[in-house]
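Here is work02.txt, consisting of compact mmCIF, C-alpha atoms:
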# COMPACT_ATOMS: atom_id res chain seq x y z
CA MET A 1 0.00 0.00 0.00
CA MET A 2 1.23 3.52 -0.78
CA THR A 3 1.66 6.13 1.97
CA LEU A 4 0.57 9.76 1.68
CA TYR A 5 2.29 12.28 3.93
CA GLY A 6 -0.08 15.21 4.13
CA TYR A 7 -1.89 17.70 6.33
CA TRP A 8 -5.63 18.09 6.69
CA ARG A 9 -5.74 21.73 5.62
CA SER A 10 -2.96 21.72 2.99
CA SER A 11 -4.50 22.46 -0.42
CA ALA A 12 -1.84 20.40 -2.18
CA SER A 13 -2.52 17.36 0.05
CA TYR A 14 -6.26 17.82 -0.51
CA ARG A 15 -5.73 17.71 -4.32
CA VAL A 16 -3.99 14.35 -4.06
CA ARG A 17 -6.65 12.95 -1.69
CA ILE A 18 -9.34 13.78 -4.27
CA ALA A 19 -7.37 12.12 -7.09
CA LEU A 20 -6.82 8.99 -4.98
CA GLY A 21 -10.54 8.89 -4.24
CA LEU A 22 -11.53 9.29 -7.90
CA LYS A 23 -9.15 6.46 -8.81
CA GLY A 24 -10.36 4.31 -5.90
CA ILE A 25 -6.83 3.91 -4.51
CA GLU A 26 -6.47 3.25 -0.79
CA VAL A 27 -3.37 4.66 0.89
CA ARG A 28 -2.02 4.91 4.40
CA HIS A 29 -2.26 8.54 5.58
CA ILE A 30 0.52 9.94 7.77
CA PRO A 31 -0.06 13.51 8.97
CA VAL A 32 2.77 16.06 9.06
CA ASN A 33 1.74 19.02 11.16
CA LEU A 34 2.46 22.17 9.15
CA ARG A 35 1.39 24.53 11.93
CA GLU A 36 3.89 22.93 14.31
CA GLY A 37 6.65 22.99 11.67
CA GLU A 38 7.04 19.22 11.35
CA GLN A 39 7.73 19.68 7.62
CA LEU A 40 11.01 21.41 8.53
CA LEU A 41 12.37 18.51 10.60
CA ALA A 42 15.17 16.29 9.26
CA GLU A 43 12.76 13.36 9.19
CA HIS A 44 10.65 15.13 6.58
CA SER A 45 13.59 16.59 4.62
CA LYS A 46 14.62 13.00 3.91
CA ARG A 47 11.24 12.46 2.29
CA ASN A 48 11.30 15.75 0.38
CA PRO A 49 14.38 18.01 0.19
CA GLN A 50 12.02 20.92 -0.43
CA GLY A 51 10.33 20.32 2.94
CA TYR A 52 6.87 20.63 1.42
CA LEU A 53 3.74 18.48 1.42
CA PRO A 54 2.41 16.18 0.10
CA VAL A 55 4.79 13.27 -0.42
CA LEU A 56 3.49 10.03 -1.91
CA GLU A 57 5.64 7.05 -0.97
CA LEU A 58 5.26 4.06 -3.25
CA GLU A 59 5.44 0.48 -1.98
CA ASP A 60 9.10 0.19 -3.01
CA GLY A 61 9.98 3.33 -1.02
CA THR A 62 10.18 5.70 -4.02
CA ARG A 63 8.94 9.13 -2.98
CA LEU A 64 7.06 11.48 -5.26
CA THR A 65 6.56 15.17 -4.52
CA GLN A 66 4.59 18.14 -5.90
CA SER A 67 0.86 17.50 -6.08
CA LEU A 68 0.51 17.90 -9.87
CA ALA A 69 3.43 15.54 -10.49
CA ILE A 70 1.77 13.02 -8.15
CA LEU A 71 -1.53 13.38 -10.05
CA ASP A 72 0.37 12.84 -13.30
CA TYR A 73 1.91 9.64 -11.89
CA LEU A 74 -1.42 8.33 -10.59
CA ASP A 75 -3.05 8.97 -13.96
CA ALA A 76 -0.22 7.27 -15.86
CA THR A 77 -0.36 4.16 -13.69
CA HIS A 78 -4.11 3.81 -12.99
CA SER A 79 -6.22 3.98 -16.11
CA ASN A 80 -9.64 3.96 -14.41
CA HIS A 81 -11.32 7.36 -14.09
CA PRO A 82 -8.83 9.28 -16.29
CA LEU A 83 -7.79 12.66 -14.91
CA MET A 84 -6.75 13.87 -18.35
CA PRO A 85 -8.46 13.44 -21.74
CA GLU A 86 -6.75 11.95 -24.81
CA ASP A 87 -7.22 15.11 -26.90
CA ALA A 88 -4.01 17.16 -26.78
CA ILE A 89 -5.74 20.55 -26.95
CA LEU A 90 -8.31 19.81 -24.26
CA ARG A 91 -5.55 18.30 -22.14
CA SER A 92 -3.48 21.47 -22.51
CA ARG A 93 -6.46 23.66 -21.63
CA ILE A 94 -7.23 21.61 -18.49
CA LEU A 95 -3.59 21.78 -17.46
CA ALA A 96 -3.49 25.55 -18.08
CA ALA A 97 -6.56 26.11 -15.89
CA SER A 98 -5.05 23.88 -13.19
CA LEU A 99 -1.80 25.85 -13.30
CA ILE A 100 -3.64 29.13 -12.70
CA ILE A 101 -4.52 27.62 -9.31
CA THR A 102 -1.37 25.68 -8.54
CA SER A 103 1.16 28.22 -9.87
CA ASP A 104 -0.50 31.61 -9.85
CA ILE A 105 -2.61 31.40 -6.69
CA SER A 106 -1.49 28.72 -4.27
CA PRO A 107 2.32 29.27 -4.01
CA ILE A 108 1.84 33.00 -3.41
CA GLN A 109 -0.06 32.08 -0.24
CA ASN A 110 2.29 29.31 0.83
CA LEU A 111 2.98 29.38 4.57
CA SER A 112 6.61 30.38 3.91
CA VAL A 113 5.51 33.38 1.83
CA LEU A 114 3.02 34.50 4.46
CA LYS A 115 5.76 34.22 7.10
CA TYR A 116 8.06 36.35 4.92
CA ILE A 117 5.58 39.20 4.45
CA ARG A 118 4.93 39.19 8.21
CA ALA A 119 8.61 39.21 9.15
CA GLU A 120 10.10 41.33 6.36
CA HIS A 121 7.22 43.55 5.22
CA GLY A 122 5.66 44.06 8.66
CA GLN A 123 2.28 42.66 7.60
CA GLU A 124 -0.15 41.62 10.33
CA ASP A 125 -3.29 39.48 10.13
CA ALA A 126 -5.29 42.01 8.09
CA GLY A 127 -2.46 42.48 5.57
CA VAL A 128 -1.94 38.74 5.22
CA LYS A 129 -5.64 38.15 4.67
CA LYS A 130 -5.83 40.95 2.08
CA TRP A 131 -2.77 39.54 0.27
CA SER A 132 -4.18 36.01 0.11
CA ALA A 133 -7.65 37.12 -0.90
CA HIS A 134 -6.17 39.36 -3.63
CA TRP A 135 -4.30 36.56 -5.41
CA ILE A 136 -7.16 34.10 -5.06
CA ALA A 137 -9.68 36.57 -6.50
CA LYS A 138 -7.32 37.53 -9.33
CA GLY A 139 -6.89 33.90 -10.40
CA PHE A 140 -10.59 33.11 -9.99
CA GLU A 141 -11.55 36.09 -12.17
CA SER A 142 -9.62 34.52 -15.06
CA LEU A 143 -11.00 31.05 -14.40
CA GLU A 144 -14.58 32.32 -14.17
CA LYS A 145 -14.26 33.61 -17.77
CA MET A 146 -12.63 30.40 -19.00
CA ALA A 147 -15.28 27.91 -17.75
CA SER A 148 -17.26 26.02 -20.36
CA PRO A 149 -21.00 26.74 -20.14
CA ASP A 150 -21.84 23.41 -21.79
CA THR A 151 -20.29 20.85 -19.48
CA LYS A 152 -21.18 19.58 -16.02
CA PHE A 153 -17.67 20.21 -14.73
CA PHE A 154 -15.18 22.91 -15.85
CA TYR A 155 -14.39 21.62 -19.35
CA THR A 156 -15.69 18.05 -19.15
CA ASP A 157 -18.60 15.91 -17.95
CA THR A 158 -16.56 14.02 -15.37
CA PRO A 159 -14.31 15.62 -12.74
CA MET A 160 -10.70 15.58 -13.89
CA PHE A 161 -7.30 17.05 -13.09
CA PHE A 162 -8.70 20.58 -12.81
CA GLU A 163 -11.44 19.75 -10.32
CA CYS A 164 -8.81 18.18 -8.01
CA CYS A 165 -7.23 21.66 -7.92
CA LEU A 166 -10.34 23.84 -7.87
CA VAL A 167 -12.21 22.39 -4.90
CA PRO A 168 -9.30 22.78 -2.40
CA GLN A 169 -8.71 26.33 -3.66
CA ILE A 170 -12.35 27.30 -3.07
CA TYR A 171 -12.14 25.81 0.43
CA ASN A 172 -9.07 27.97 1.00
CA ALA A 173 -10.74 31.04 -0.56
CA ARG A 174 -13.51 30.89 2.04
CA ARG A 175 -10.92 30.83 4.83
CA PHE A 176 -9.54 34.10 3.50
CA GLY A 177 -12.97 35.69 3.13
CA VAL A 178 -13.15 35.78 -0.68
CA ASP A 179 -16.71 36.52 -1.83
CA MET A 180 -17.43 33.39 -3.87
CA ASP A 181 -20.77 34.77 -5.16
CA ARG A 182 -18.68 36.63 -7.74
CA PHE A 183 -17.76 33.29 -9.32
CA PRO A 184 -20.99 31.44 -10.22
CA ASN A 185 -19.32 29.18 -12.78
CA LEU A 186 -16.75 28.02 -10.24
CA LEU A 187 -19.46 27.45 -7.61
CA ARG A 188 -21.49 25.41 -10.09
CA VAL A 189 -18.49 23.12 -10.69
CA GLU A 190 -17.79 22.91 -6.96
CA ASN A 191 -21.40 21.89 -6.31
CA ALA A 192 -21.21 19.14 -8.90
CA CYS A 193 -18.04 17.86 -7.21
CA GLN A 194 -19.25 17.98 -3.62
CA SER A 195 -22.00 15.44 -4.24
CA LEU A 196 -19.37 12.81 -5.13
CA GLU A 197 -17.91 10.39 -2.59
CA ALA A 198 -14.28 11.05 -3.64
CA PHE A 199 -14.66 14.73 -2.80
CA LYS A 200 -16.46 14.05 0.50
CA THR A 201 -13.82 11.69 1.87
CA ALA A 202 -11.07 14.14 0.84
CA LEU A 203 -12.55 17.05 2.82
CA PRO A 204 -10.12 18.56 5.34
CA GLU A 205 -12.56 18.04 8.23
CA ALA A 206 -12.82 14.34 7.38
CA GLN A 207 -9.08 13.76 8.00
CA THR A 208 -7.80 12.10 11.17
CA ASP A 209 -5.49 15.04 11.97
CA ALA A 210 -8.27 17.67 11.74
CA PRO A 211 -9.20 19.22 15.10
CA LYS A 212 -12.29 17.52 16.57
CA MET B 1 2.46 28.26 -38.97
CA MET B 2 1.81 28.75 -35.26
CA THR B 3 2.23 32.16 -33.60
CA LEU B 4 3.92 32.71 -30.25
CA TYR B 5 2.99 35.85 -28.35
CA GLY B 6 5.88 36.46 -25.95
CA TYR B 7 8.37 38.89 -24.53
CA TRP B 8 12.14 38.65 -24.77
CA ARG B 9 12.78 38.66 -21.03
CA SER B 10 9.71 36.68 -19.86
CA SER B 11 10.88 33.39 -18.32
CA ALA B 12 7.69 31.64 -19.34
CA SER B 13 8.08 32.76 -22.99
CA TYR B 14 11.74 31.68 -22.89
CA ARG B 15 10.71 28.15 -21.75
CA VAL B 16 8.43 27.78 -24.76
CA ARG B 17 11.09 29.12 -27.16
CA ILE B 18 13.51 26.43 -25.94
CA ALA B 19 10.91 23.67 -26.38
CA LEU B 20 10.08 24.89 -29.90
CA GLY B 21 13.80 24.86 -30.71
CA LEU B 22 14.33 21.35 -29.34
CA LYS B 23 11.37 20.14 -31.41
CA GLY B 24 12.55 22.05 -34.48
CA ILE B 25 9.22 23.88 -34.83
CA GLU B 26 9.25 27.28 -36.54
CA VAL B 27 6.72 29.82 -35.33
CA ARG B 28 5.90 33.45 -35.99
CA HIS B 29 6.96 35.53 -32.98
CA ILE B 30 4.80 38.50 -31.96
CA PRO B 31 6.18 40.53 -29.05
CA VAL B 32 3.90 41.84 -26.30
CA ASN B 33 5.74 44.48 -24.29
CA LEU B 34 5.34 43.61 -20.60
CA ARG B 35 7.18 46.70 -19.40
CA GLU B 36 4.77 48.94 -21.29
CA GLY B 37 1.75 46.96 -20.04
CA GLU B 38 0.63 45.67 -23.46
CA GLN B 39 -0.46 42.41 -21.77
CA LEU B 40 -3.20 44.36 -19.99
CA LEU B 41 -4.79 45.73 -23.16
CA ALA B 42 -8.10 44.35 -24.46
CA GLU B 43 -6.30 43.02 -27.53
CA HIS B 44 -4.27 40.68 -25.34
CA SER B 45 -7.13 39.78 -22.95
CA LYS B 46 -8.89 38.31 -25.97
CA ARG B 47 -5.91 36.00 -26.45
CA ASN B 48 -5.63 35.14 -22.76
CA PRO B 49 -8.24 36.17 -20.15
CA GLN B 50 -5.47 35.99 -17.53
CA GLY B 51 -3.49 38.67 -19.37
CA TYR B 52 -0.26 36.69 -19.08
CA LEU B 53 2.38 35.53 -21.52
CA PRO B 54 3.08 33.38 -23.45
CA VAL B 55 0.17 32.50 -25.72
CA LEU B 56 0.64 29.94 -28.49
CA GLU B 57 -1.86 30.39 -31.29
CA LEU B 58 -2.37 27.31 -33.46
CA GLU B 59 -3.02 27.53 -37.20
CA ASP B 60 -6.78 27.15 -36.66
CA GLY B 61 -6.79 30.08 -34.20
CA THR B 62 -6.94 27.95 -31.01
CA ARG B 63 -4.98 29.67 -28.27
CA LEU B 64 -3.02 27.85 -25.60
CA THR B 65 -1.75 29.50 -22.42
CA GLN B 66 0.51 28.67 -19.45
CA SER B 67 4.01 27.64 -20.52
CA LEU B 68 3.91 24.13 -19.03
CA ALA B 69 0.57 23.41 -20.65
CA ILE B 70 2.03 24.60 -23.97
CA LEU B 71 5.05 22.31 -23.50
CA ASP B 72 2.67 19.44 -22.76
CA TYR B 73 0.78 20.15 -26.00
CA LEU B 74 3.95 20.40 -28.07
CA ASP B 75 5.21 17.12 -26.64
CA ALA B 76 1.89 15.36 -27.26
CA THR B 77 1.73 16.49 -30.88
CA HIS B 78 5.42 16.38 -31.93
CA SER B 79 7.09 13.08 -31.10
CA ASN B 80 10.65 14.06 -32.10
CA HIS B 81 12.95 15.01 -29.24
CA PRO B 82 10.57 13.94 -26.41
CA LEU B 83 10.37 16.40 -23.51
CA MET B 84 9.12 13.68 -21.16
CA PRO B 85 10.25 10.05 -20.77
CA GLU B 86 7.90 7.04 -20.97
CA ASP B 87 8.66 5.89 -17.43
CA ALA B 88 5.92 7.18 -15.10
CA ILE B 89 8.20 7.65 -12.08
CA LEU B 90 10.93 9.52 -13.97
CA ARG B 91 8.24 11.59 -15.67
CA SER B 92 6.75 12.52 -12.29
CA ARG B 93 10.18 13.43 -10.90
CA ILE B 94 10.98 15.65 -13.91
CA LEU B 95 7.60 17.34 -13.58
CA ALA B 96 8.11 17.85 -9.82
CA ALA B 97 11.48 19.50 -10.38
CA SER B 98 9.97 21.69 -13.11
CA LEU B 99 7.15 22.73 -10.79
CA ILE B 100 9.62 23.89 -8.14
CA ILE B 101 10.66 26.49 -10.72
CA THR B 102 7.33 27.24 -12.36
CA SER B 103 5.17 27.17 -9.23
CA ASP B 104 7.39 27.84 -6.25
CA ILE B 105 9.83 30.37 -7.71
CA SER B 106 8.58 32.11 -10.82
CA PRO B 107 4.99 33.20 -9.89
CA ILE B 108 6.23 34.74 -6.63
CA GLN B 109 8.34 37.10 -8.72
CA ASN B 110 5.70 37.76 -11.34
CA LEU B 111 5.54 41.43 -12.33
CA SER B 112 2.09 41.76 -10.71
CA VAL B 113 3.44 40.45 -7.38
CA LEU B 114 6.42 42.80 -7.48
CA LYS B 115 4.05 45.69 -8.19
CA TYR B 116 1.91 44.67 -5.21
CA ILE B 117 4.78 44.57 -2.72
CA ARG B 118 5.92 47.99 -3.97
CA ALA B 119 2.46 49.55 -3.76
CA GLU B 120 1.02 47.80 -0.69
CA HIS B 121 4.07 46.84 1.36
CA GLY B 122 6.17 49.92 0.58
CA GLN B 123 9.05 47.91 -0.86
CA GLU B 124 11.60 49.74 -3.01
CA ASP B 125 14.25 48.38 -5.39
CA ALA B 126 16.36 46.78 -2.65
CA GLY B 127 13.36 45.07 -1.04
CA VAL B 128 12.12 43.79 -4.40
CA LYS B 129 15.55 42.41 -5.26
CA LYS B 130 15.89 40.74 -1.86
CA TRP B 131 12.42 39.19 -2.23
CA SER B 132 13.12 37.79 -5.69
CA ALA B 133 16.58 36.52 -4.78
CA HIS B 134 15.17 34.85 -1.64
CA TRP B 135 12.60 32.72 -3.48
CA ILE B 136 14.99 31.83 -6.28
CA ALA B 137 17.71 30.72 -3.85
CA LYS B 138 15.19 28.76 -1.75
CA GLY B 139 13.97 26.80 -4.77
CA PHE B 140 17.48 26.30 -6.14
CA GLU B 141 18.68 24.89 -2.78
CA SER B 142 16.13 22.08 -3.12
CA LEU B 143 16.92 21.48 -6.78
CA GLU B 144 20.66 21.40 -6.14
CA LYS B 145 20.12 18.43 -3.78
CA MET B 146 17.78 16.66 -6.19
CA ALA B 147 20.06 16.65 -9.28
CA SER B 148 21.30 13.30 -10.53
CA PRO B 149 25.11 13.04 -10.41
CA ASP B 150 25.10 10.38 -13.15
CA THR B 151 23.43 12.12 -16.06
CA LYS B 152 24.53 14.85 -18.44
CA PHE B 153 21.40 16.89 -17.78
CA PHE B 154 19.31 17.04 -14.56
CA TYR B 155 17.85 13.52 -14.59
CA THR B 156 18.48 12.48 -18.18
CA ASP B 157 21.09 12.48 -20.96
CA THR B 158 19.10 14.75 -23.26
CA PRO B 159 17.55 18.08 -22.27
CA MET B 160 13.87 17.65 -21.47
CA PHE B 161 10.94 19.44 -19.86
CA PHE B 162 12.97 20.44 -16.82
CA GLU B 163 15.82 22.05 -18.74
CA CYS B 164 13.29 24.26 -20.58
CA CYS B 165 12.39 25.63 -17.12
CA LEU B 166 15.84 25.72 -15.49
CA VAL B 167 17.78 27.77 -18.03
CA PRO B 168 15.36 30.75 -18.04
CA GLN B 169 15.26 30.68 -14.23
CA ILE B 170 19.06 30.85 -13.99
CA TYR B 171 19.05 33.76 -16.45
CA ASN B 172 16.54 35.47 -14.18
CA ALA B 173 18.53 34.56 -11.02
CA ARG B 174 21.54 36.46 -12.35
CA ARG B 175 19.37 39.55 -12.92
CA PHE B 176 18.45 39.46 -9.24
CA GLY B 177 22.03 38.95 -8.09
CA VAL B 178 21.71 35.34 -6.86
CA ASP B 179 25.16 33.81 -6.28
CA MET B 180 25.03 30.87 -8.70
CA ASP B 181 28.35 29.45 -7.43
CA ARG B 182 26.31 27.91 -4.60
CA PHE B 183 24.59 25.67 -7.15
CA PRO B 184 27.27 23.70 -9.03
CA ASN B 185 24.89 20.96 -10.16
CA LEU B 186 22.52 23.49 -11.69
CA LEU B 187 25.41 25.31 -13.39
CA ARG B 188 26.68 22.04 -14.83
CA VAL B 189 23.26 21.37 -16.39
CA GLU B 190 23.04 24.95 -17.65
CA ASN B 191 26.46 24.62 -19.29
CA ALA B 192 25.43 21.43 -21.05
CA CYS B 193 22.33 23.24 -22.35
CA GLN B 194 24.01 26.43 -23.51
CA SER B 195 26.14 24.62 -26.10
CA LEU B 196 22.98 23.53 -27.93
CA GLU B 197 21.46 25.51 -30.80
CA ALA B 198 17.91 25.37 -29.38
CA PHE B 199 19.07 27.14 -26.24
CA LYS B 200 21.13 29.71 -28.12
CA THR B 201 18.31 30.82 -30.41
CA ALA B 202 15.94 31.04 -27.42
CA LEU B 203 18.18 33.47 -25.48
CA PRO B 204 16.42 36.71 -24.52
CA GLU B 205 19.09 38.83 -26.23
CA ALA B 206 18.55 36.93 -29.49
CA GLN B 207 14.89 38.05 -29.72
CA THR B 208 13.77 40.79 -32.08
CA ASP B 209 12.16 42.79 -29.26
CA ALA B 210 15.32 42.81 -27.08
CA PRO B 211 16.95 46.25 -26.78
CA LYS B 212 19.85 46.56 -29.26

Target encoding structure tokens, full file:
Amino acid sequence: MMTLYGYWRSSASYRVRIALGLKGIEVRHIPVNLREGEQLLAEHSKRNPQGYLPVLELEDGTRLTQSLAILDYLDATHSNHPLMPEDAILRSRILAASLIITSDISPIQNLSVLKYIRAEHGQEDAGVKKWSAHWIAKGFESLEKMASPDTKFFYTDTPMFFECCLVPQIYNARRFGVDMDRFPNLLRVENACQSLEAFKTALPEAQTDAPK
Amino acid sequence: MMTLYGYWRSSASYRVRIALGLKGIEVRHIPVNLREGEQLLAEHSKRNPQGYLPVLELEDGTRLTQSLAILDYLDATHSNHPLMPEDAILRSRILAASLIITSDISPIQNLSVLKYIRAEHGQEDAGVKKWSAHWIAKGFESLEKMASPDTKFFYTDTPMFFECCLVPQIYNARRFGVDMDRFPNLLRVENACQSLEAFKTALPEAQTDAPK
């Protein structure tokens, strides 16, 4: 059985949990407490020199990092419920939309970035919240325009690579007080996702390390 | 013939130019001047609702965005000089290394982010340079540890997806005064790349919109 090192509220871990659920793959979950800095300990650096989550450890001990690279691996090795279509153009468009979340929103609000703007730019809670909400809203404005009006999910009729990225980002957006009513297309896709078992079991609050 | 909308000094445009060169694909280059804000004009929003570069326009008018998604498309449709290996684990590792650059370094120094920290956090030139250099060095520290000692390039003996990302990021690192001597493995890979024609023709200074 594979092992997923993650954290209940980490967006990147949440993406991988959804993909595992869609593929029907059971893994052992080992929590790494981001708030207590466990990702910075030597034990975790051995798993991932970058000190980030998630890490997927295969049965032979091989460790994979970066959520999108893990999704790519899972899709290449488990053909049921494809996360990417065959068509090269649609595939590129799904990947582009995913990257708006995973490159242009999420890393700018990484814990290490938020720590930097507190320590070096003198930002306090209000400034940190404004920063995070700004980059989320900016990315969502683009995505809202890009959504297909004719499909149940963002570009397709089954949830794919993109939906694994979108749902955790919306969860995170609410934490930072982003007004989601401005993004009806994104909410429509989120709604379609949340009725599915794979998305329910991946919810942060459903994880063993979430506060009770 | 395809059209690439780019900018001489944009890292993301530079990545795509390298990939096109490795694949031997000729395109029409149309510059969009980032410094003058041409990416924010309605003309460019029609090409990419996100207002970012690069955009690859196919012969039928289809537009692709996000450099990694463009690389994925080029690799799916042009089988010569593969940018990704067949092996799912190696593929995932190459993608993970690429994402350290394209998610965890590059977007944090995007022009819009630098503008924000100037306007909202009162940062001036020194603060902006320190910020950029910090995130580049942080990402490069991880990559330096991850490089394979046994291959000519980062993980392989031909330049692939990762090298399309690394070389532009090193170019950018020098602009921000990052001491590259700390990263001998990355410099070794860069050296191996720079002797190749595809990397030479993709250089920022070789573009028609570069200052003469």

Minimum-distance residue to Lys23 (chain B), chosen among B:Gln39, B:Ser45, B:Asn80, B:Thr62 (using all atoms listed in the file): B:Asn80

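All residues of protein, DNA or RNA that reach within 6 Å of Leu40 (chain A), judged by all atoms listed in the file and not counting those fewer than 2 positions away in the chain, are Gly37, Glu38 and Gly51 of chain A.
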
Near Lys138 (chain B), counting only C-alpha atoms, which residues have an atom at most 10 Å away, once you skip same-chain residues fewer than 6 positions from it, shown as a PyMOL selection string? (chain A and resi 50) or (chain B and resi 100+104-105)

Best match for closeness to Gly24 (chain B) among B:Met84, B:Ala192, B:Leu58, B:Leu74, counting all atoms listed in the file: B:Leu74

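Minimum atom-to-atom distance to Val16 (chain A), evaluated using all atoms listed in the file, belongs to A:Glu163 out of A:Glu141, A:Glu163, A:Glu205, A:Glu86.
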
Chain A contacts to chain B at 8 Å (only C-alpha atoms) as number ranges by chain: A: 49-50, 64-66, 68-70, 72-73, 76-77, 88-89, 91-93, 95-96, 99-100, 102-104, 107-108, 121-123, 139, 142, 145-146

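The coordinates place CA of Asp157 (chain A) at 10.2 Å from CA of Val189 (chain A).
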
Please return as a ChimeraX atom specification every residue within 12 Å of (4.3, 45.0, -19.3), taking into account all atoms listed in the file and the file's own coordinates. /B:6-10,31-41,44,51-53,110-112,115

Which centre and which edge lengths, in Å to one decimal, describe the axis-aligned box that holds all listed atoms of region 70-89 of chain B after 4 Å is added on each side, as JSON?
{"center_x": 6.9, "center_y": 15.2, "center_z": -22.1, "size_x": 20.2, "size_y": 26.7, "size_z": 28.0}

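Atom pair CA of Tyr5 (chain B) / CA of Ile30 (chain B): separated by 4.8 Å.
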
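If you look at CA of His78 (chain B) and CA of Leu20 (chain B), they are 9.9 Å away from each other.
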
Please provide the set of residues having any atom within 9 Å of region 194-197 of chain A, restricted to only C-alpha atoms, with same-chain residues fewer than 3 positions apart removed, written as a PyMOL selection string. chain A and resi 21-22+167+189-191+200-202

Which protein, DNA or RNA residues are at most 9 Å from (-12.4, 31.1, -3.5) in the file's coordinates when you count all atoms listed in the file, listed as a PyMOL selection string? chain A and resi 133+136-137+140+166-180+183+186-187

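The protein and nucleic acid residues lying at most 12 Å from Met1 (chain A) are Ile25, Glu26, Val27, Arg28, His29, Leu56, Glu57, Leu58, Glu59, Asp60 and Gly61 of chain A, with only C-alpha atoms considered and sequence neighbours fewer than 5 positions away removed.
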
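If you measure from each of B:Ala206, B:Thr151, B:Arg47, B:Val55 to Met2 (chain B) using only C-alpha atoms, the closest one turns out to be B:Val55.
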